[in-house]
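Q: See run_32.cif below, with mmCIF, N, CA and C atoms.
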data_run
#
loop_
_atom_site.label_atom_id
_atom_site.label_comp_id
_atom_site.auth_asym_id
_atom_site.auth_seq_id
_atom_site.Cartn_x
_atom_site.Cartn_y
_atom_site.Cartn_z
N MET A 1 99.08 117.90 99.71
CA MET A 1 99.01 116.79 100.64
C MET A 1 97.66 116.09 100.49
N ASP A 2 97.67 114.79 100.62
CA ASP A 2 96.45 114.01 100.52
C ASP A 2 95.79 113.95 101.89
N GLU A 3 94.52 114.41 101.94
CA GLU A 3 93.77 114.32 103.19
C GLU A 3 93.02 113.01 103.23
N LEU A 4 92.86 112.51 104.43
CA LEU A 4 92.20 111.25 104.64
C LEU A 4 91.22 111.43 105.78
N SER A 5 90.03 110.89 105.65
CA SER A 5 89.05 110.95 106.72
C SER A 5 89.09 109.61 107.45
N ILE A 6 89.39 109.66 108.75
CA ILE A 6 89.47 108.42 109.53
C ILE A 6 88.59 108.54 110.76
N SER A 7 88.30 107.41 111.35
CA SER A 7 87.54 107.35 112.58
C SER A 7 88.42 106.65 113.62
N LEU A 8 88.63 107.34 114.74
CA LEU A 8 89.48 106.78 115.80
C LEU A 8 88.65 106.50 117.05
N PRO A 9 88.74 105.28 117.55
CA PRO A 9 88.05 104.99 118.82
C PRO A 9 88.93 105.40 120.00
N ILE A 10 88.38 106.24 120.85
CA ILE A 10 89.07 106.65 122.07
C ILE A 10 88.05 106.65 123.20
N ALA A 11 88.33 105.94 124.26
CA ALA A 11 87.46 105.88 125.44
C ALA A 11 86.04 105.49 125.06
N GLU A 12 85.93 104.46 124.23
CA GLU A 12 84.66 103.89 123.80
C GLU A 12 83.79 104.85 123.00
N ARG A 13 84.41 105.85 122.39
CA ARG A 13 83.72 106.76 121.47
C ARG A 13 84.52 106.81 120.19
N SER A 14 83.82 107.10 119.11
CA SER A 14 84.49 107.21 117.83
C SER A 14 84.60 108.68 117.45
N TYR A 15 85.79 109.06 117.03
CA TYR A 15 86.07 110.45 116.64
C TYR A 15 86.50 110.47 115.18
N ARG A 16 85.79 111.26 114.37
CA ARG A 16 86.11 111.41 112.95
C ARG A 16 87.08 112.57 112.80
N LEU A 17 88.14 112.31 112.04
CA LEU A 17 89.16 113.32 111.81
C LEU A 17 89.53 113.36 110.34
N ALA A 18 89.88 114.55 109.87
CA ALA A 18 90.47 114.70 108.55
C ALA A 18 91.94 115.02 108.78
N ILE A 19 92.81 114.13 108.32
CA ILE A 19 94.25 114.26 108.57
C ILE A 19 95.01 114.07 107.26
N ASP A 20 96.27 114.48 107.27
CA ASP A 20 97.14 114.17 106.14
C ASP A 20 97.36 112.67 106.11
N LYS A 21 97.28 112.10 104.94
CA LYS A 21 97.41 110.64 104.78
C LYS A 21 98.70 110.12 105.40
N GLU A 22 99.77 110.90 105.29
CA GLU A 22 101.06 110.46 105.81
C GLU A 22 101.09 110.35 107.33
N HIS A 23 100.11 110.95 108.02
CA HIS A 23 100.07 110.92 109.48
C HIS A 23 99.11 109.88 110.06
N GLU A 24 98.49 109.09 109.19
CA GLU A 24 97.48 108.14 109.66
C GLU A 24 98.02 107.19 110.73
N GLU A 25 99.16 106.59 110.47
CA GLU A 25 99.73 105.63 111.42
C GLU A 25 100.01 106.29 112.77
N LEU A 26 100.51 107.51 112.73
CA LEU A 26 100.80 108.25 113.96
C LEU A 26 99.52 108.46 114.78
N PHE A 27 98.43 108.88 114.12
CA PHE A 27 97.17 109.11 114.83
C PHE A 27 96.60 107.81 115.39
N ARG A 28 96.69 106.75 114.62
CA ARG A 28 96.16 105.46 115.10
C ARG A 28 96.96 104.95 116.30
N LYS A 29 98.28 105.09 116.25
CA LYS A 29 99.11 104.69 117.39
C LYS A 29 98.80 105.55 118.62
N ALA A 30 98.60 106.84 118.41
CA ALA A 30 98.29 107.75 119.52
C ALA A 30 96.97 107.35 120.17
N ALA A 31 95.96 107.04 119.36
CA ALA A 31 94.66 106.64 119.90
C ALA A 31 94.79 105.35 120.72
N LYS A 32 95.55 104.39 120.21
CA LYS A 32 95.76 103.13 120.94
C LYS A 32 96.51 103.38 122.25
N LEU A 33 97.49 104.27 122.21
CA LEU A 33 98.25 104.61 123.42
C LEU A 33 97.35 105.27 124.46
N ILE A 34 96.50 106.18 124.03
CA ILE A 34 95.56 106.83 124.95
C ILE A 34 94.64 105.80 125.58
N ASP A 35 94.08 104.90 124.76
CA ASP A 35 93.21 103.86 125.30
C ASP A 35 93.93 102.95 126.29
N LYS A 36 95.19 102.63 126.01
CA LYS A 36 95.96 101.81 126.94
C LYS A 36 96.14 102.52 128.27
N ARG A 37 96.48 103.80 128.22
CA ARG A 37 96.67 104.57 129.46
C ARG A 37 95.34 104.69 130.23
N ILE A 38 94.23 104.82 129.52
CA ILE A 38 92.92 104.87 130.17
C ILE A 38 92.67 103.56 130.91
N ARG A 39 92.95 102.44 130.26
CA ARG A 39 92.79 101.14 130.92
C ARG A 39 93.70 101.03 132.14
N ASP A 40 94.94 101.51 132.02
CA ASP A 40 95.87 101.47 133.15
C ASP A 40 95.33 102.28 134.32
N TYR A 41 94.86 103.50 134.04
CA TYR A 41 94.32 104.36 135.10
C TYR A 41 93.05 103.77 135.69
N SER A 42 92.21 103.13 134.86
CA SER A 42 90.95 102.58 135.39
C SER A 42 91.21 101.46 136.38
N GLY A 43 92.32 100.77 136.24
CA GLY A 43 92.66 99.72 137.18
C GLY A 43 93.32 100.23 138.45
N SER A 44 93.77 101.48 138.44
CA SER A 44 94.50 102.01 139.58
C SER A 44 93.76 103.08 140.37
N TYR A 45 92.79 103.73 139.76
CA TYR A 45 92.13 104.86 140.41
C TYR A 45 90.61 104.70 140.38
N ALA A 46 89.96 105.26 141.40
CA ALA A 46 88.51 105.32 141.41
C ALA A 46 88.10 106.46 140.47
N TYR A 47 87.04 106.25 139.71
CA TYR A 47 86.59 107.28 138.79
C TYR A 47 85.09 107.19 138.60
N LYS A 48 84.51 108.32 138.24
CA LYS A 48 83.06 108.37 138.01
C LYS A 48 82.72 108.02 136.57
N ASP A 49 83.50 108.55 135.65
CA ASP A 49 83.28 108.24 134.24
C ASP A 49 84.58 108.36 133.46
N LYS A 50 84.51 108.07 132.19
CA LYS A 50 85.71 108.08 131.34
C LYS A 50 86.34 109.48 131.27
N GLN A 51 85.53 110.52 131.48
CA GLN A 51 86.06 111.89 131.45
C GLN A 51 87.18 112.05 132.48
N ASP A 52 87.01 111.47 133.66
CA ASP A 52 88.04 111.54 134.70
C ASP A 52 89.34 110.88 134.22
N LEU A 53 89.20 109.74 133.57
CA LEU A 53 90.38 109.03 133.07
C LEU A 53 91.03 109.79 131.93
N LEU A 54 90.23 110.36 131.04
CA LEU A 54 90.77 111.16 129.95
C LEU A 54 91.52 112.37 130.50
N ALA A 55 90.99 112.98 131.57
CA ALA A 55 91.67 114.12 132.18
C ALA A 55 93.04 113.70 132.73
N MET A 56 93.12 112.54 133.35
CA MET A 56 94.39 112.06 133.89
C MET A 56 95.39 111.78 132.76
N VAL A 57 94.92 111.17 131.69
CA VAL A 57 95.80 110.89 130.55
C VAL A 57 96.27 112.20 129.93
N ALA A 58 95.36 113.16 129.76
CA ALA A 58 95.74 114.46 129.19
C ALA A 58 96.77 115.14 130.08
N LEU A 59 96.59 115.08 131.38
CA LEU A 59 97.55 115.68 132.31
C LEU A 59 98.91 115.00 132.21
N GLU A 60 98.91 113.69 132.14
CA GLU A 60 100.16 112.94 132.01
C GLU A 60 100.92 113.35 130.74
N TYR A 61 100.22 113.39 129.62
CA TYR A 61 100.89 113.73 128.37
C TYR A 61 101.27 115.20 128.29
N ALA A 62 100.46 116.07 128.86
CA ALA A 62 100.80 117.50 128.84
C ALA A 62 102.04 117.77 129.69
N THR A 63 102.14 117.15 130.87
CA THR A 63 103.33 117.37 131.70
C THR A 63 104.56 116.74 131.03
N GLY A 64 104.38 115.60 130.39
CA GLY A 64 105.49 114.99 129.65
C GLY A 64 105.95 115.88 128.51
N TYR A 65 105.01 116.48 127.81
CA TYR A 65 105.35 117.40 126.73
C TYR A 65 106.13 118.60 127.27
N LEU A 66 105.67 119.17 128.37
CA LEU A 66 106.34 120.33 128.95
C LEU A 66 107.74 120.00 129.45
N LYS A 67 107.90 118.82 130.04
CA LYS A 67 109.23 118.39 130.48
C LYS A 67 110.17 118.24 129.29
N ASN A 68 109.68 117.61 128.23
CA ASN A 68 110.51 117.44 127.03
C ASN A 68 110.84 118.78 126.40
N ASP A 69 109.88 119.69 126.39
CA ASP A 69 110.11 121.02 125.83
C ASP A 69 111.19 121.76 126.62
N ARG A 70 111.14 121.66 127.93
CA ARG A 70 112.15 122.30 128.78
C ARG A 70 113.52 121.68 128.54
N LEU A 71 113.57 120.36 128.45
CA LEU A 71 114.83 119.67 128.20
C LEU A 71 115.41 120.06 126.85
N LEU A 72 114.57 120.13 125.82
CA LEU A 72 115.06 120.55 124.51
C LEU A 72 115.60 121.97 124.55
N SER A 73 114.93 122.84 125.28
CA SER A 73 115.38 124.22 125.39
C SER A 73 116.74 124.29 126.09
N GLU A 74 116.89 123.52 127.16
CA GLU A 74 118.16 123.49 127.88
C GLU A 74 119.27 122.93 127.00
N ASN A 75 118.97 121.86 126.27
CA ASN A 75 119.97 121.27 125.36
C ASN A 75 120.35 122.26 124.26
N GLU A 76 119.37 122.98 123.75
CA GLU A 76 119.65 123.96 122.71
C GLU A 76 120.58 125.04 123.24
N LYS A 77 120.35 125.50 124.46
CA LYS A 77 121.22 126.52 125.05
C LYS A 77 122.64 125.99 125.23
N GLN A 78 122.76 124.74 125.67
CA GLN A 78 124.09 124.15 125.85
C GLN A 78 124.82 124.03 124.51
N TRP A 79 124.13 123.57 123.48
CA TRP A 79 124.76 123.45 122.17
C TRP A 79 125.13 124.82 121.61
N GLN A 80 124.27 125.78 121.85
CA GLN A 80 124.56 127.13 121.35
C GLN A 80 125.82 127.68 122.03
N ALA A 81 125.95 127.45 123.34
CA ALA A 81 127.15 127.91 124.05
C ALA A 81 128.39 127.20 123.52
N LYS A 82 128.28 125.90 123.24
CA LYS A 82 129.42 125.15 122.70
C LYS A 82 129.80 125.66 121.31
N LEU A 83 128.80 125.96 120.50
CA LEU A 83 129.08 126.47 119.16
C LEU A 83 129.74 127.85 119.22
N VAL A 84 129.32 128.68 120.15
CA VAL A 84 129.96 129.99 120.33
C VAL A 84 131.41 129.81 120.73
N ALA A 85 131.67 128.86 121.64
CA ALA A 85 133.05 128.60 122.08
C ALA A 85 133.90 128.09 120.91
N VAL A 86 133.37 127.21 120.09
CA VAL A 86 134.10 126.70 118.93
C VAL A 86 134.36 127.83 117.94
N ASP A 87 133.35 128.65 117.71
CA ASP A 87 133.50 129.78 116.80
C ASP A 87 134.59 130.74 117.29
N GLN A 88 134.60 131.02 118.58
CA GLN A 88 135.63 131.90 119.14
C GLN A 88 137.01 131.27 119.01
N ALA A 89 137.11 129.98 119.26
CA ALA A 89 138.40 129.28 119.15
C ALA A 89 138.89 129.33 117.70
N LEU A 90 138.00 129.14 116.76
CA LEU A 90 138.39 129.22 115.35
C LEU A 90 138.83 130.63 114.97
N ASP A 91 138.09 131.61 115.46
CA ASP A 91 138.48 133.02 115.19
C ASP A 91 139.87 133.30 115.72
N GLU A 92 140.15 132.88 116.95
CA GLU A 92 141.47 133.09 117.55
C GLU A 92 142.55 132.36 116.76
N HIS A 93 142.26 131.18 116.35
CA HIS A 93 143.22 130.38 115.58
C HIS A 93 143.57 131.09 114.26
N PHE A 94 142.55 131.53 113.53
CA PHE A 94 142.80 132.18 112.24
C PHE A 94 143.44 133.55 112.40
N LYS A 95 143.12 134.23 113.50
CA LYS A 95 143.77 135.54 113.75
C LYS A 95 145.26 135.34 114.02
N SER A 96 145.61 134.26 114.70
CA SER A 96 147.02 133.99 115.01
C SER A 96 147.80 133.58 113.77
N MET A 97 147.10 133.14 112.73
CA MET A 97 147.76 132.70 111.51
C MET A 97 148.04 133.86 110.56
N LYS A 98 147.38 135.00 110.75
CA LYS A 98 147.58 136.14 109.86
C LYS A 98 148.95 136.78 110.13
N PRO A 99 149.61 137.20 109.05
CA PRO A 99 150.97 137.79 109.22
C PRO A 99 150.92 139.17 109.84
#
Represent the structure from my file as structure tokens, please.

A:
Amino acid sequence: MDELSISLPIAERSYRLAIDKEHEELFRKAAKLIDKRIRDYSGSYAYKDKQDLLAMVALEYATGYLKNDRLLSENEKQWQAKLVAVDQALDEHFKSMKP
């Protein structure tokens, strides 16, 4: 994999990262999204410094991640149950076909 050294501005600071070249666009979009959410929070909440806003953004994204993770787990369980039911139906079908 090709590594790339980039600098991302987040909350008026620059962060140097070494990333896979194929992920550059993803990291740049993430940094812009974080900055947008910081601006949104700064207009809605009282804060002492950017650290407070970064904490709110981190909390928002962490809870969103956990919600999505739970949803994926629930969906996986539902699909697994459906696949077991299909497998059982196929087994019964083929057993009924045997002489």

Q: What's around Ala31 in chain A at 7 Å? Count only N, CA and C atoms, leave out sequence neighbours fewer than 5 positions away in its own chain, and write the answer as a PyMOL selection string.

A: chain A and resi 8-10+26+36

Q: Residues of chain A classed as alpha helix (DSSP H) by DSSP on the backbone are to be reported as a compact mmCIF listing (two decimals) with N, CA and C atoms, in the frame of the given file.

A:
# COMPACT_ATOMS: atom_id res chain seq x y z
N GLU A 24 98.49 109.09 109.19
CA GLU A 24 97.48 108.14 109.66
C GLU A 24 98.02 107.19 110.73
N GLU A 25 99.16 106.59 110.47
CA GLU A 25 99.73 105.63 111.42
C GLU A 25 100.01 106.29 112.77
N LEU A 26 100.51 107.51 112.73
CA LEU A 26 100.80 108.25 113.96
C LEU A 26 99.52 108.46 114.78
N PHE A 27 98.43 108.88 114.12
CA PHE A 27 97.17 109.11 114.83
C PHE A 27 96.60 107.81 115.39
N ARG A 28 96.69 106.75 114.62
CA ARG A 28 96.16 105.46 115.10
C ARG A 28 96.96 104.95 116.30
N LYS A 29 98.28 105.09 116.25
CA LYS A 29 99.11 104.69 117.39
C LYS A 29 98.80 105.55 118.62
N ALA A 30 98.60 106.84 118.41
CA ALA A 30 98.29 107.75 119.52
C ALA A 30 96.97 107.35 120.17
N ALA A 31 95.96 107.04 119.36
CA ALA A 31 94.66 106.64 119.90
C ALA A 31 94.79 105.35 120.72
N LYS A 32 95.55 104.39 120.21
CA LYS A 32 95.76 103.13 120.94
C LYS A 32 96.51 103.38 122.25
N LEU A 33 97.49 104.27 122.21
CA LEU A 33 98.25 104.61 123.42
C LEU A 33 97.35 105.27 124.46
N ILE A 34 96.50 106.18 124.03
CA ILE A 34 95.56 106.83 124.95
C ILE A 34 94.64 105.80 125.58
N ASP A 35 94.08 104.90 124.76
CA ASP A 35 93.21 103.86 125.30
C ASP A 35 93.93 102.95 126.29
N LYS A 36 95.19 102.63 126.01
CA LYS A 36 95.96 101.81 126.94
C LYS A 36 96.14 102.52 128.27
N ARG A 37 96.48 103.80 128.22
CA ARG A 37 96.67 104.57 129.46
C ARG A 37 95.34 104.69 130.23
N ILE A 38 94.23 104.82 129.52
CA ILE A 38 92.92 104.87 130.17
C ILE A 38 92.67 103.56 130.91
N ARG A 39 92.95 102.44 130.26
CA ARG A 39 92.79 101.14 130.92
C ARG A 39 93.70 101.03 132.14
N ASP A 40 94.94 101.51 132.02
CA ASP A 40 95.87 101.47 133.15
C ASP A 40 95.33 102.28 134.32
N TYR A 41 94.86 103.50 134.04
CA TYR A 41 94.32 104.36 135.10
C TYR A 41 93.05 103.77 135.69
N SER A 42 92.21 103.13 134.86
CA SER A 42 90.95 102.58 135.39
C SER A 42 91.21 101.46 136.38
N GLY A 43 92.32 100.77 136.24
CA GLY A 43 92.66 99.72 137.18
C GLY A 43 93.32 100.23 138.45
N SER A 44 93.77 101.48 138.44
CA SER A 44 94.50 102.01 139.58
C SER A 44 93.76 103.08 140.37
N LYS A 50 84.51 108.07 132.19
CA LYS A 50 85.71 108.08 131.34
C LYS A 50 86.34 109.48 131.27
N GLN A 51 85.53 110.52 131.48
CA GLN A 51 86.06 111.89 131.45
C GLN A 51 87.18 112.05 132.48
N ASP A 52 87.01 111.47 133.66
CA ASP A 52 88.04 111.54 134.70
C ASP A 52 89.34 110.88 134.22
N LEU A 53 89.20 109.74 133.57
CA LEU A 53 90.38 109.03 133.07
C LEU A 53 91.03 109.79 131.93
N LEU A 54 90.23 110.36 131.04
CA LEU A 54 90.77 111.16 129.95
C LEU A 54 91.52 112.37 130.50
N ALA A 55 90.99 112.98 131.57
CA ALA A 55 91.67 114.12 132.18
C ALA A 55 93.04 113.70 132.73
N MET A 56 93.12 112.54 133.35
CA MET A 56 94.39 112.06 133.89
C MET A 56 95.39 111.78 132.76
N VAL A 57 94.92 111.17 131.69
CA VAL A 57 95.80 110.89 130.55
C VAL A 57 96.27 112.20 129.93
N ALA A 58 95.36 113.16 129.76
CA ALA A 58 95.74 114.46 129.19
C ALA A 58 96.77 115.14 130.08
N LEU A 59 96.59 115.08 131.38
CA LEU A 59 97.55 115.68 132.31
C LEU A 59 98.91 115.00 132.21
N GLU A 60 98.91 113.69 132.14
CA GLU A 60 100.16 112.94 132.01
C GLU A 60 100.92 113.35 130.74
N TYR A 61 100.22 113.39 129.62
CA TYR A 61 100.89 113.73 128.37
C TYR A 61 101.27 115.20 128.29
N ALA A 62 100.46 116.07 128.86
CA ALA A 62 100.80 117.50 128.84
C ALA A 62 102.04 117.77 129.69
N THR A 63 102.14 117.15 130.87
CA THR A 63 103.33 117.37 131.70
C THR A 63 104.56 116.74 131.03
N GLY A 64 104.38 115.60 130.39
CA GLY A 64 105.49 114.99 129.65
C GLY A 64 105.95 115.88 128.51
N TYR A 65 105.01 116.48 127.81
CA TYR A 65 105.35 117.40 126.73
C TYR A 65 106.13 118.60 127.27
N LEU A 66 105.67 119.17 128.37
CA LEU A 66 106.34 120.33 128.95
C LEU A 66 107.74 120.00 129.45
N LYS A 67 107.90 118.82 130.04
CA LYS A 67 109.23 118.39 130.48
C LYS A 67 110.17 118.24 129.29
N ASN A 68 109.68 117.61 128.23
CA ASN A 68 110.51 117.44 127.03
C ASN A 68 110.84 118.78 126.40
N ASP A 69 109.88 119.69 126.39
CA ASP A 69 110.11 121.02 125.83
C ASP A 69 111.19 121.76 126.62
N ARG A 70 111.14 121.66 127.93
CA ARG A 70 112.15 122.30 128.78
C ARG A 70 113.52 121.68 128.54
N LEU A 71 113.57 120.36 128.45
CA LEU A 71 114.83 119.67 128.20
C LEU A 71 115.41 120.06 126.85
N LEU A 72 114.57 120.13 125.82
CA LEU A 72 115.06 120.55 124.51
C LEU A 72 115.60 121.97 124.55
N SER A 73 114.93 122.84 125.28
CA SER A 73 115.38 124.22 125.39
C SER A 73 116.74 124.29 126.09
N GLU A 74 116.89 123.52 127.16
CA GLU A 74 118.16 123.49 127.88
C GLU A 74 119.27 122.93 127.00
N ASN A 75 118.97 121.86 126.27
CA ASN A 75 119.97 121.27 125.36
C ASN A 75 120.35 122.26 124.26
N GLU A 76 119.37 122.98 123.75
CA GLU A 76 119.65 123.96 122.71
C GLU A 76 120.58 125.04 123.24
N LYS A 77 120.35 125.50 124.46
CA LYS A 77 121.22 126.52 125.05
C LYS A 77 122.64 125.99 125.23
N GLN A 78 122.76 124.74 125.67
CA GLN A 78 124.09 124.15 125.85
C GLN A 78 124.82 124.03 124.51
N TRP A 79 124.13 123.57 123.48
CA TRP A 79 124.76 123.45 122.17
C TRP A 79 125.13 124.82 121.61
N GLN A 80 124.27 125.78 121.85
CA GLN A 80 124.56 127.13 121.35
C GLN A 80 125.82 127.68 122.03
N ALA A 81 125.95 127.45 123.34
CA ALA A 81 127.15 127.91 124.05
C ALA A 81 128.39 127.20 123.52
N LYS A 82 128.28 125.90 123.24
CA LYS A 82 129.42 125.15 122.70
C LYS A 82 129.80 125.66 121.31
N LEU A 83 128.80 125.96 120.50
CA LEU A 83 129.08 126.47 119.16
C LEU A 83 129.74 127.85 119.22
N VAL A 84 129.32 128.68 120.15
CA VAL A 84 129.96 129.99 120.33
C VAL A 84 131.41 129.81 120.73
N ALA A 85 131.67 128.86 121.64
CA ALA A 85 133.05 128.60 122.08
C ALA A 85 133.90 128.09 120.91
N VAL A 86 133.37 127.21 120.09
CA VAL A 86 134.10 126.70 118.93
C VAL A 86 134.36 127.83 117.94
N ASP A 87 133.35 128.65 117.71
CA ASP A 87 133.50 129.78 116.80
C ASP A 87 134.59 130.74 117.29
N GLN A 88 134.60 131.02 118.58
CA GLN A 88 135.63 131.90 119.14
C GLN A 88 137.01 131.27 119.01
N ALA A 89 137.11 129.98 119.26
CA ALA A 89 138.40 129.28 119.15
C ALA A 89 138.89 129.33 117.70
N LEU A 90 138.00 129.14 116.76
CA LEU A 90 138.39 129.22 115.35
C LEU A 90 138.83 130.63 114.97
N ASP A 91 138.09 131.61 115.46
CA ASP A 91 138.48 133.02 115.19
C ASP A 91 139.87 133.30 115.72
N GLU A 92 140.15 132.88 116.95
CA GLU A 92 141.47 133.09 117.55
C GLU A 92 142.55 132.36 116.76
N HIS A 93 142.26 131.18 116.35
CA HIS A 93 143.22 130.38 115.58
C HIS A 93 143.57 131.09 114.26
N PHE A 94 142.55 131.53 113.53
CA PHE A 94 142.80 132.18 112.24
C PHE A 94 143.44 133.55 112.40
N LYS A 95 143.12 134.23 113.50
CA LYS A 95 143.77 135.54 113.75
C LYS A 95 145.26 135.34 114.02
N SER A 96 145.61 134.26 114.70
CA SER A 96 147.02 133.99 115.01
C SER A 96 147.80 133.58 113.77
N MET A 97 147.10 133.14 112.73
CA MET A 97 147.76 132.70 111.51
C MET A 97 148.04 133.86 110.56

Q: Once the PyMOL selection byres (((chain A and resi 2-7 and name CA) around 9) and name CA) has been evaluated on this model, what residues remain selected, and can you format them as a list in words?

A: Met1, Leu8, Pro9, Ser14, Tyr15, Arg16, Leu17, Ala18, Ile19, Asp20, Lys21, Glu22 and Glu24 of chain A

Q: Would you kindly translate the PyMOL selection byres ((chain A and resi 51-65) around 7) into the concrete residues it picks from this file, as a PDB file with N, CA and C atoms, in the frame of the given file?

A:
ATOM      1  N   ILE A  34      96.500 106.180 124.030  1.00  0.00           N
ATOM      2  CA  ILE A  34      95.560 106.830 124.950  1.00  0.00           C
ATOM      3  C   ILE A  34      94.640 105.800 125.580  1.00  0.00           C
ATOM      4  N   ARG A  37      96.480 103.800 128.220  1.00  0.00           N
ATOM      5  CA  ARG A  37      96.670 104.570 129.460  1.00  0.00           C
ATOM      6  C   ARG A  37      95.340 104.690 130.230  1.00  0.00           C
ATOM      7  N   ILE A  38      94.230 104.820 129.520  1.00  0.00           N
ATOM      8  CA  ILE A  38      92.920 104.870 130.170  1.00  0.00           C
ATOM      9  C   ILE A  38      92.670 103.560 130.910  1.00  0.00           C
ATOM     10  N   TYR A  41      94.860 103.500 134.040  1.00  0.00           N
ATOM     11  CA  TYR A  41      94.320 104.360 135.100  1.00  0.00           C
ATOM     12  C   TYR A  41      93.050 103.770 135.690  1.00  0.00           C
ATOM     13  N   SER A  42      92.210 103.130 134.860  1.00  0.00           N
ATOM     14  CA  SER A  42      90.950 102.580 135.390  1.00  0.00           C
ATOM     15  C   SER A  42      91.210 101.460 136.380  1.00  0.00           C
ATOM     16  N   TYR A  47      87.040 106.250 139.710  1.00  0.00           N
ATOM     17  CA  TYR A  47      86.590 107.280 138.790  1.00  0.00           C
ATOM     18  C   TYR A  47      85.090 107.190 138.600  1.00  0.00           C
ATOM     19  N   LYS A  48      84.510 108.320 138.240  1.00  0.00           N
ATOM     20  CA  LYS A  48      83.060 108.370 138.010  1.00  0.00           C
ATOM     21  C   LYS A  48      82.720 108.020 136.570  1.00  0.00           C
ATOM     22  N   ASP A  49      83.500 108.550 135.650  1.00  0.00           N
ATOM     23  CA  ASP A  49      83.280 108.240 134.240  1.00  0.00           C
ATOM     24  C   ASP A  49      84.580 108.360 133.460  1.00  0.00           C
ATOM     25  N   LYS A  50      84.510 108.070 132.190  1.00  0.00           N
ATOM     26  CA  LYS A  50      85.710 108.080 131.340  1.00  0.00           C
ATOM     27  C   LYS A  50      86.340 109.480 131.270  1.00  0.00           C
ATOM     28  N   LEU A  66     105.670 119.170 128.370  1.00  0.00           N
ATOM     29  CA  LEU A  66     106.340 120.330 128.950  1.00  0.00           C
ATOM     30  C   LEU A  66     107.740 120.000 129.450  1.00  0.00           C
ATOM     31  N   LYS A  67     107.900 118.820 130.040  1.00  0.00           N
ATOM     32  CA  LYS A  67     109.230 118.390 130.480  1.00  0.00           C
ATOM     33  C   LYS A  67     110.170 118.240 129.290  1.00  0.00           C
ATOM     34  N   ASN A  68     109.680 117.610 128.230  1.00  0.00           N
ATOM     35  CA  ASN A  68     110.510 117.440 127.030  1.00  0.00           C
ATOM     36  C   ASN A  68     110.840 118.780 126.400  1.00  0.00           C
ATOM     37  N   ASP A  69     109.880 119.690 126.390  1.00  0.00           N
ATOM     38  CA  ASP A  69     110.110 121.020 125.830  1.00  0.00           C
ATOM     39  C   ASP A  69     111.190 121.760 126.620  1.00  0.00           C
ATOM     40  N   ARG A  70     111.140 121.660 127.930  1.00  0.00           N
ATOM     41  CA  ARG A  70     112.150 122.300 128.780  1.00  0.00           C
ATOM     42  C   ARG A  70     113.520 121.680 128.540  1.00  0.00           C
TER      43      ARG A  70
END

Q: Where in chain A does DSSP assign strand (DSSP E or B), given as number ranges by chain?

A: A: 3-10, 13-20

Q: Range 13-29 of chain A, all listed atoms, 4 Å padding on each side: what axis-aligned box centre and edge lengths in Å to one decimal come out, as AutoDock Vina command-line options?

A:
--center_x 92.4 --center_y 109.9 --center_z 113.6 --size_x 25.4 --size_y 18.3 --size_z 25.6

Q: Rounded to one decimal in Å, what is the spacing between atom C of Asp35 in chain A and CA of Ala11 in chain A?

A: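 If I compute the distance from atom C of Asp35 in chain A to CA of Ala11 in chain A, I get 7.2 Å.
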
Q: What does the distance from CA of Ala30 in chain A to atom N of Ser73 in chain A come to in Å, to one decimal?

A: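 CA of Ala30 in chain A sits 23.2 Å away from atom N of Ser73 in chain A.
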
Q: Between atom C of Phe94 in chain A and atom C of Asn75 in chain A, measure the distance and give it in Å to one decimal.

A: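 So the answer is 28.3 Å.
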